>>> print(open('protein_30.cif').read())   # mmCIF, C-alpha atoms (C1' of nucleotides)
data_input
#
loop_
_atom_site.label_atom_id
_atom_site.label_comp_id
_atom_site.auth_asym_id
_atom_site.auth_seq_id
_atom_site.Cartn_x
_atom_site.Cartn_y
_atom_site.Cartn_z
CA MET A 1 0.00 0.00 0.00
CA ALA A 2 1.43 3.29 -1.04
CA LEU A 3 -1.16 5.93 -0.29
CA ILE A 4 1.58 8.39 0.49
CA THR A 5 4.72 8.84 -1.54
CA GLN A 6 8.01 10.17 -0.29
CA ARG A 7 7.23 13.30 -2.23
CA ALA A 8 4.00 13.91 -0.36
CA LYS A 9 5.66 13.20 2.94
CA TYR A 10 8.27 15.83 2.16
CA ALA A 11 5.57 18.27 1.13
CA LEU A 12 3.71 17.81 4.39
CA ARG A 13 6.86 18.04 6.45
CA ALA A 14 7.81 21.27 4.74
CA LEU A 15 4.34 22.71 5.34
CA VAL A 16 4.45 21.73 8.98
CA ALA A 17 7.81 23.45 9.27
CA LEU A 18 6.36 26.58 7.68
CA ALA A 19 3.37 26.43 10.00
CA LYS A 20 5.67 26.25 12.98
CA ALA A 21 7.84 29.17 11.85
CA PRO A 22 7.27 32.23 14.03
CA ALA A 23 4.68 34.63 12.65
CA GLY A 24 4.97 33.51 9.06
CA ARG A 25 8.68 34.24 8.87
CA PRO A 26 9.86 32.92 5.49
CA LEU A 27 12.09 29.87 5.52
CA LEU A 28 14.80 29.18 2.97
CA ILE A 29 14.66 26.07 0.86
CA ALA A 30 18.16 25.29 2.14
CA GLU A 31 17.00 25.69 5.69
CA ILE A 32 14.05 23.35 5.38
CA SER A 33 16.15 20.92 3.39
CA ARG A 34 18.77 20.77 6.11
CA GLU A 35 16.47 20.55 9.10
CA GLN A 36 14.05 18.07 7.62
CA ALA A 37 16.67 16.02 5.80
CA ILE A 38 15.04 16.49 2.42
CA PRO A 39 17.18 16.54 -0.75
CA ARG A 40 17.41 20.17 -1.67
CA LYS A 41 16.68 20.12 -5.40
CA PHE A 42 13.85 17.70 -4.85
CA LEU A 43 12.34 19.98 -2.26
CA GLU A 44 12.59 22.91 -4.67
CA GLN A 45 10.32 21.13 -7.09
CA ILE A 46 7.82 20.24 -4.42
CA LEU A 47 7.62 23.75 -3.00
CA LEU A 48 7.28 25.17 -6.47
CA GLU A 49 4.35 22.90 -7.17
CA MET A 50 2.68 24.03 -3.98
CA LYS A 51 3.33 27.61 -4.90
CA ARG A 52 1.61 27.14 -8.23
CA ALA A 53 -1.32 25.63 -6.40
CA GLY A 54 -1.60 28.64 -4.15
CA ILE A 55 -0.70 26.94 -0.89
CA VAL A 56 2.55 28.76 -0.28
CA THR A 57 4.17 31.94 -1.49
CA SER A 58 7.79 32.82 -2.07
CA ARG A 59 10.27 35.61 -2.53
CA ARG A 60 13.47 35.51 -4.52
CA GLY A 61 16.89 36.95 -4.01
CA ARG A 62 18.52 37.89 -0.74
CA LEU A 63 16.00 37.71 2.10
CA GLY A 64 14.00 35.32 0.01
CA GLY A 65 12.26 32.19 1.18
CA TYR A 66 8.94 30.43 1.45
CA ALA A 67 5.93 31.03 3.64
CA LEU A 68 2.36 29.79 3.87
CA LEU A 69 -0.02 31.78 1.72
CA ARG A 70 -3.16 30.75 3.57
CA PRO A 71 -3.77 30.28 7.29
CA PRO A 72 -2.63 26.86 8.50
CA THR A 73 -6.13 26.25 9.87
CA ASP A 74 -7.27 26.24 6.28
CA VAL A 75 -4.84 23.79 4.69
CA THR A 76 -5.86 20.15 4.98
CA PHE A 77 -3.79 17.03 4.55
CA GLY A 78 -6.29 15.87 1.96
CA GLU A 79 -5.73 18.92 -0.19
CA VAL A 80 -1.98 18.50 -0.14
CA LEU A 81 -2.14 14.81 -0.88
CA ARG A 82 -4.48 15.30 -3.82
CA LEU A 83 -2.16 17.91 -5.22
CA ILE A 84 1.04 15.92 -4.85
CA ASP A 85 -0.03 12.31 -5.18
CA GLY A 86 -3.28 12.58 -7.05
CA PRO A 87 -6.72 11.25 -6.15
CA ILE A 88 -7.33 9.80 -2.72
CA ALA A 89 -9.16 6.66 -3.72
CA PRO A 90 -8.24 3.02 -3.50
CA LEU A 91 -9.88 2.35 -6.85
CA PRO A 92 -10.35 4.67 -9.82
CA CYS A 93 -14.09 4.00 -9.71
CA LEU A 94 -14.15 5.48 -6.20
CA SER A 95 -12.44 8.75 -6.95
CA ARG A 96 -14.60 11.83 -6.73
CA VAL A 97 -12.24 14.13 -8.55
CA ALA A 98 -10.98 11.67 -11.14
CA TYR A 99 -13.60 9.00 -11.54
CA ARG A 100 -12.83 6.29 -14.04
CA ARG A 101 -14.80 3.16 -14.56
CA CYS A 102 -12.93 -0.08 -13.88
CA ALA A 103 -12.47 -1.53 -17.34
CA ASP A 104 -13.16 -5.06 -16.20
CA CYS A 105 -16.12 -4.37 -13.96
CA ALA A 106 -19.36 -5.60 -15.42
CA ASP A 107 -21.80 -4.16 -12.92
CA GLU A 108 -20.41 -1.37 -10.82
CA ALA A 109 -23.49 -0.93 -8.68
CA ASN A 110 -23.27 -4.50 -7.49
CA CYS A 111 -19.51 -4.80 -7.29
CA GLU A 112 -18.66 -6.33 -3.92
CA ILE A 113 -15.10 -5.08 -4.00
CA ARG A 114 -16.19 -1.56 -4.71
CA ARG A 115 -18.69 -1.57 -1.86
CA VAL A 116 -16.09 -2.60 0.66
CA PHE A 117 -13.48 -0.13 -0.52
CA ALA A 118 -16.01 2.65 -0.63
CA ARG A 119 -16.10 2.35 3.14
CA VAL A 120 -12.33 2.50 3.31
CA ALA A 121 -12.26 5.58 1.12
CA ALA A 122 -14.91 7.32 3.20
CA ALA A 123 -13.01 6.65 6.42
CA THR A 124 -9.76 7.86 4.88
CA ARG A 125 -11.26 11.07 3.57
CA ASP A 126 -12.92 11.67 6.87
CA VAL A 127 -9.51 11.89 8.50
CA LEU A 128 -7.56 13.62 5.76
CA ASP A 129 -10.08 16.28 4.85
CA ARG A 130 -10.71 17.23 8.46
CA THR A 131 -7.11 17.44 9.56
CA THR A 132 -5.36 20.75 8.98
CA LEU A 133 -1.78 21.82 9.46
CA THR A 134 -2.77 23.46 12.71
CA ASP A 135 -4.33 20.24 13.95
CA ALA A 136 -1.17 18.38 13.14
CA VAL A 137 1.05 20.90 14.87
CA ASP A 138 -1.12 21.29 17.98
CA ASP A 139 -0.19 17.90 19.25
CA GLY A 140 -2.30 16.22 16.62
CA ALA A 141 -5.28 15.97 18.88
CA PRO A 142 -8.14 14.58 16.77
CA VAL A 143 -10.39 17.21 15.32
CA LEU A 144 -13.51 15.21 15.42
CA MET B 1 -3.02 6.43 -4.04
CA ALA B 2 -2.74 2.83 -4.91
CA LEU B 3 -3.77 0.85 -1.86
CA ILE B 4 -5.11 -1.86 -4.07
CA THR B 5 -3.40 -3.21 -7.14
CA GLN B 6 -5.08 -4.84 -10.08
CA ARG B 7 -3.64 -8.09 -8.83
CA ALA B 8 -5.37 -7.78 -5.46
CA LYS B 9 -8.60 -6.78 -7.11
CA TYR B 10 -8.46 -9.92 -9.24
CA ALA B 11 -7.68 -12.00 -6.17
CA LEU B 12 -10.69 -10.66 -4.32
CA ARG B 13 -12.96 -11.07 -7.31
CA ALA B 14 -11.87 -14.65 -7.69
CA LEU B 15 -12.48 -15.35 -4.03
CA VAL B 16 -15.90 -13.77 -4.17
CA ALA B 17 -16.70 -15.97 -7.16
CA LEU B 18 -15.58 -19.04 -5.22
CA ALA B 19 -17.62 -17.98 -2.22
CA LYS B 20 -20.69 -17.67 -4.41
CA ALA B 21 -20.22 -21.04 -6.07
CA PRO B 22 -22.83 -23.53 -4.89
CA ALA B 23 -21.68 -25.66 -1.97
CA GLY B 24 -18.00 -25.28 -2.56
CA ARG B 25 -18.19 -26.64 -6.07
CA PRO B 26 -14.73 -26.17 -7.57
CA LEU B 27 -14.38 -23.59 -10.33
CA LEU B 28 -11.95 -23.85 -13.19
CA ILE B 29 -9.32 -21.17 -13.69
CA ALA B 30 -10.66 -20.80 -17.20
CA GLU B 31 -14.17 -20.38 -15.89
CA ILE B 32 -13.27 -17.65 -13.41
CA SER B 33 -11.05 -16.01 -15.98
CA ARG B 34 -13.86 -15.84 -18.49
CA GLU B 35 -16.62 -14.71 -16.18
CA GLN B 36 -14.59 -12.13 -14.32
CA ALA B 37 -12.63 -10.92 -17.33
CA ILE B 38 -9.27 -11.68 -15.75
CA PRO B 39 -6.30 -12.63 -17.97
CA ARG B 40 -5.99 -16.36 -17.55
CA LYS B 41 -2.28 -16.81 -16.98
CA PHE B 42 -2.24 -13.90 -14.60
CA LEU B 43 -5.07 -15.42 -12.62
CA GLU B 44 -3.20 -18.70 -12.46
CA GLN B 45 -0.37 -17.03 -10.59
CA ILE B 46 -2.69 -15.29 -8.21
CA LEU B 47 -4.66 -18.41 -7.36
CA LEU B 48 -1.46 -20.34 -6.88
CA GLU B 49 -0.22 -17.77 -4.43
CA MET B 50 -3.44 -18.01 -2.48
CA LYS B 51 -3.18 -21.76 -2.50
CA ARG B 52 0.28 -21.62 -1.01
CA ALA B 53 -1.07 -19.31 1.66
CA GLY B 54 -3.78 -21.78 2.57
CA ILE B 55 -6.74 -19.71 1.49
CA VAL B 56 -7.86 -21.91 -1.36
CA THR B 57 -7.31 -25.47 -2.42
CA SER B 58 -7.12 -27.06 -5.82
CA ARG B 59 -7.33 -30.26 -7.75
CA ARG B 60 -5.57 -31.07 -10.97
CA GLY B 61 -6.55 -32.90 -14.07
CA ARG B 62 -10.03 -33.53 -15.32
CA LEU B 63 -12.64 -32.45 -12.79
CA GLY B 64 -10.03 -30.16 -11.38
CA GLY B 65 -10.48 -26.62 -10.22
CA TYR B 66 -10.24 -24.30 -7.26
CA ALA B 67 -12.32 -23.99 -4.12
CA LEU B 68 -12.11 -22.13 -0.84
CA LEU B 69 -10.16 -24.02 1.76
CA ARG B 70 -11.61 -22.18 4.73
CA PRO B 71 -15.15 -20.96 5.39
CA PRO B 72 -15.85 -17.63 3.69
CA THR B 73 -16.85 -16.18 7.06
CA ASP B 74 -13.24 -16.61 8.05
CA VAL B 75 -11.42 -14.94 5.15
CA THR B 76 -11.03 -11.20 5.52
CA PHE B 77 -10.21 -8.60 2.91
CA GLY B 78 -7.30 -7.51 5.06
CA GLU B 79 -5.75 -10.94 4.99
CA VAL B 80 -5.97 -11.17 1.23
CA LEU B 81 -4.61 -7.69 0.70
CA ARG B 82 -1.64 -8.29 2.98
CA LEU B 83 -0.86 -11.46 1.11
CA ILE B 84 -1.09 -10.02 -2.37
CA ASP B 85 -0.11 -6.39 -1.99
CA GLY B 86 1.94 -6.42 1.19
CA PRO B 87 1.48 -4.42 4.36
CA ILE B 88 -1.62 -2.30 4.83
CA ALA B 89 0.02 0.87 6.05
CA PRO B 90 0.36 4.29 4.48
CA LEU B 91 3.89 4.61 5.86
CA PRO B 92 6.45 1.91 6.63
CA CYS B 93 6.70 3.21 10.19
CA LEU B 94 3.01 2.42 10.66
CA SER B 95 3.06 -1.17 9.54
CA ARG B 96 2.44 -3.73 12.23
CA VAL B 97 3.68 -6.71 10.28
CA ALA B 98 6.57 -5.01 8.51
CA TYR B 99 7.60 -2.03 10.57
CA ARG B 100 10.48 0.01 9.23
CA ARG B 101 11.65 3.29 10.58
CA CYS B 102 11.40 6.23 8.17
CA ALA B 103 15.02 6.91 7.32
CA ASP B 104 14.55 10.64 7.40
CA CYS B 105 12.42 10.88 10.53
CA ALA B 106 14.31 12.37 13.45
CA ASP B 107 11.76 11.84 16.18
CA GLU B 108 9.12 9.28 15.40
CA ALA B 109 7.15 9.77 18.61
CA ASN B 110 6.57 13.41 17.76
CA CYS B 111 6.18 13.09 14.01
CA GLU B 112 3.09 15.04 13.02
CA ILE B 113 2.70 13.21 9.75
CA ARG B 114 2.88 9.85 11.44
CA ARG B 115 0.24 10.80 13.98
CA VAL B 116 -2.23 11.80 11.33
CA PHE B 117 -1.67 8.76 9.17
CA ALA B 118 -1.88 6.48 12.15
CA ARG B 119 -5.52 7.45 12.31
CA VAL B 120 -5.96 6.70 8.64
CA ALA B 121 -4.33 3.31 9.06
CA ALA B 122 -6.51 2.45 12.04
CA ALA B 123 -9.67 3.34 10.17
CA THR B 124 -8.59 1.35 7.15
CA ARG B 125 -7.76 -1.74 9.16
CA ASP B 126 -11.00 -1.45 11.00
CA VAL B 127 -12.85 -1.94 7.75
CA LEU B 128 -10.59 -4.44 6.04
CA ASP B 129 -9.98 -6.75 8.96
CA ARG B 130 -13.64 -6.93 9.88
CA THR B 131 -15.01 -7.53 6.42
CA THR B 132 -15.12 -11.15 5.29
CA LEU B 133 -15.99 -12.71 1.97
CA THR B 134 -19.40 -13.55 3.36
CA ASP B 135 -19.99 -9.95 4.35
CA ALA B 136 -19.08 -8.83 0.86
CA VAL B 137 -21.35 -11.35 -0.80
CA ASP B 138 -24.34 -10.82 1.50
CA ASP B 139 -25.10 -7.50 -0.03
CA GLY B 140 -22.09 -5.95 1.60
CA ALA B 141 -24.03 -4.78 4.61
CA PRO B 142 -21.53 -3.31 7.04
CA VAL B 143 -20.41 -5.71 9.72
CA LEU B 144 -19.96 -3.19 12.40
"C1'" DC C 1 27.39 45.15 -9.85
"C1'" DG C 2 27.40 40.51 -7.67
"C1'" DA C 3 26.02 37.16 -4.69
"C1'" DA C 4 22.24 34.77 -2.77
"C1'" DT C 5 18.10 32.85 -3.64
"C1'" DG C 6 14.18 30.96 -6.01
"C1'" DC C 7 12.49 29.21 -11.02
"C1'" DC C 8 12.39 26.01 -14.64
"C1'" DT C 9 13.35 22.07 -17.69
"C1'" DA C 10 15.48 17.94 -18.78
"C1'" DC C 11 17.34 13.70 -17.70
"C1'" DT C 12 18.11 9.09 -15.37
"C1'" DA C 13 18.37 4.79 -12.53
"C1'" DA C 14 15.74 1.60 -10.02
"C1'" DA C 15 11.60 -0.46 -8.65
"C1'" DC C 16 7.03 -1.93 -9.56
"C1'" DA C 17 2.79 -3.26 -12.11
"C1'" DG C 18 0.70 -5.98 -15.15
"C1'" DG C 19 1.09 -9.02 -17.87
"C1'" DT C 20 2.94 -13.16 -21.47
"C1'" DA C 21 5.23 -17.61 -22.53
"C1'" DG C 22 6.07 -22.15 -22.31
"C1'" DA C 23 7.47 -26.39 -20.48
"C1'" DG C 24 6.26 -29.66 -16.66
"C1'" DT C 25 3.06 -32.49 -13.69
"C1'" DT C 26 -1.20 -34.84 -12.39
"C1'" DA C 27 -5.56 -37.11 -12.68
"C1'" DG C 28 -9.41 -38.89 -14.77
"C1'" DA C 29 -11.61 -41.13 -18.92
"C1'" DA C 30 -11.67 -44.04 -22.94
"C1'" DT D 1 -2.36 -47.64 -21.26
"C1'" DT D 2 -2.67 -43.45 -23.40
"C1'" DC D 3 -4.83 -39.15 -24.26
"C1'" DT D 4 -5.95 -34.79 -22.70
"C1'" DA D 5 -7.83 -31.32 -19.69
"C1'" DA D 6 -6.49 -29.24 -16.00
"C1'" DC D 7 -3.20 -27.12 -12.52
"C1'" DT D 8 2.13 -25.86 -11.47
"C1'" DC D 9 6.21 -23.49 -11.86
"C1'" DT D 10 9.80 -20.34 -13.56
"C1'" DA D 11 11.30 -17.01 -16.47
"C1'" DC D 12 10.84 -13.02 -18.94
"C1'" DC D 13 9.16 -8.59 -20.84
"C1'" DT D 14 7.44 -3.77 -21.30
"C1'" DG D 15 5.61 0.46 -19.81
"C1'" DT D 16 4.97 3.55 -15.83
"C1'" DT D 17 6.11 5.63 -11.65
"C1'" DT D 18 9.20 7.17 -8.09
"C1'" DA D 19 12.87 9.54 -6.32
"C1'" DG D 20 16.05 11.91 -7.34
"C1'" DT D 21 20.19 14.79 -10.05
"C1'" DA D 22 21.87 18.45 -12.99
"C1'" DG D 23 22.40 22.77 -14.57
"C1'" DG D 24 21.29 27.02 -16.39
"C1'" DC D 25 18.04 31.21 -15.89
"C1'" DA D 26 15.74 35.05 -13.40
"C1'" DT D 27 15.25 38.09 -9.49
"C1'" DT D 28 16.22 40.93 -5.56
"C1'" DC D 29 18.80 43.10 -2.13
"C1'" DG D 30 22.98 45.23 -0.41
#
>>> encode(input="protein_30.cif", output="C-alpha cells")
Amino acid sequence: MALITQRAKYALRALVALAKAPAGRPLLIAEISREQAIPRKFLEQILLEMKRAGIVTSRRGRLGGYALLRPPTDVTFGEVLRLIDGPIAPLPCLSRVAYRRCADCADEANCEIRRVFARVAAATRDVLDRTTLTDAVDDGAPVL
Amino acid sequence: MALITQRAKYALRALVALAKAPAGRPLLIAEISREQAIPRKFLEQILLEMKRAGIVTSRRGRLGGYALLRPPTDVTFGEVLRLIDGPIAPLPCLSRVAYRRCADCADEANCEIRRVFARVAAATRDVLDRTTLTDAVDDGAPVL
DNA sequence: CGAATGCCTACTAAACAGGTAGAGTTAGAA
DNA sequence: TTCTAACTCTACCTGTTTAGTAGGCATTCG
C-alpha cells in the first residue's frame, strides 16, 4: 500500500515546518532541506508545485524564502495529498475528482469489492479532509 | 493512491466468485477467468499464491479446479490484501507486520505526519480486517 | 554590480505493475 | 495404457512511476 509517496511526505513536512515558523517568517529552501533532511533540489520542485497551487508563497533573491499563503487552519492534509499524489481513492471507480470506470467491472453498482473499498475511502477522507496543518502541529489531537 | 493493485482486485474477485459457487463446487481457472474478465495466466499465478497461503485449495486434471479451503466467514479482505499487496500501512513506520523506521524521521514519537496517518491506518484496518468474503457477498451490509 | 536565492526544464536509474510464454506435472476417462 | 484437460512453476518482458540529479536562468537586495 502506497497511499503516500516520499514526495507527499516531504511536502507535508515542509508545510508543517512553515506552519511552525514564528509569525509567518519565510524559511529558505536550504534551511528546510537541512532541518528536515530532504534533498534540496527535490524539495525545490515540491515547493514550487505548492506555490503554483496557491498553498505557499515565495520571494526571490537575498532575504527570500517560502511562507504559507493561507492560514494553516485552512490547509488540509487531503488537499496537499491530492495535489502531490493525485486522487485519494483506493480504486479509480471510487475517486470523486478523477472518476474512471474499472475496465473489467461488469456491474459497478453491485460490485462487492467496490462496496467494501467505498467504506475504506470514506473513512480515509474523513480523517484527511478534516485534519489541517494546525491540527497536526497542535499535538495532533483529533479534530472530530 | 494505490492501496489496491489490479492483482489484489483480481484475487478478491476470484475469491468472491468461489464464495458464491454452490456448496464449494470447484471452479476452473478458465471459468473464473472468463466470467470475471481476468487474464488467464495472470489469474493462475494469483490463485497459486493463495493456495500456497492456505486460502484456497485445488485439484488437478479432469474435474479439477479451485475452491475455498476455509469458510468464507473466516477470510477477511485484510488478509488477502496483505498477502497479495503487502502491508496495509500508508507509511512503513506504521506497519504492524513489517515495521520500518522512516530513514529521514528524526523523532518518530513526535512526528506530526505519522500521527495523522496512524488514524488513517486504524480506520482502514478497521474496515478491512472486519469484512469477510461472506460480508461482501451478503449485499455488503456493514459488519460493524 | 554581484552574490544569494528561487524558477524552470530535462534527464536518469531503479523499482514496480501488469502481464505473457512455455514447459512440466497430475488425474481422470476411454 | 494413453490421451488430454487441468493445474504448477519459472522465467521473462514492457511500460509507468518514483525519487532523485543536474544545470542554467531570473530576481532581488545590499
>>> atom_distance(input="protein_30.cif", atom1="CA of Ile46 in chain A", atom2="CA of Leu69 in chain A")
15.2 Å
>>> interface_residues(input="protein_30.cif", of="chain A", to="chain C", cutoff="12 Å", atoms="all atoms listed in the file", output="VMD selection string")
chain A and resid 2 27 to 31 41 43 to 45 47 to 49 51 to 52 57 to 66
>>> atom_distance(input="protein_30.cif", atom1="CA of Pro87 in chain A", atom2="CA of Arg119 in chain B")
18.9 Å
>>> resolve_selection(input="protein_30.cif", expression="the PyMOL selection byres ((chain B) within 7 of (chain A))", output="list of chain:residue names")
B:Met1, B:Ala2, B:Leu3, B:Ile4, B:Ala37, B:Asp85, B:Gly86, B:Pro87, B:Ile88, B:Ala89, B:Pro90, B:Leu91, B:Asp104, B:Glu112, B:Arg115, B:Val116, B:Val120, B:Ala123, B:Thr124, B:Val127, B:Ala136, B:Val137, B:Gly140
>>> interface_residues(input="protein_30.cif", of="chain D", to="chain A", cutoff="7 Å", atoms="all atoms listed in the file", output="list in words")
DG20, DT27, DT28 and DC29 of chain D
>>> residues_around(input="protein_30.cif", residues="Ala19 in chain A", least_positions_apart="6", cutoff="9 Å", atoms="all atoms listed in the file", output="PyMOL selection string")
chain A and resi 67-68+71-72+133-134+137
>>> atom_distance(input="protein_30.cif", atom1="CA of Leu83 in chain B", atom2="CA of Ser95 in chain B")
13.9 Å
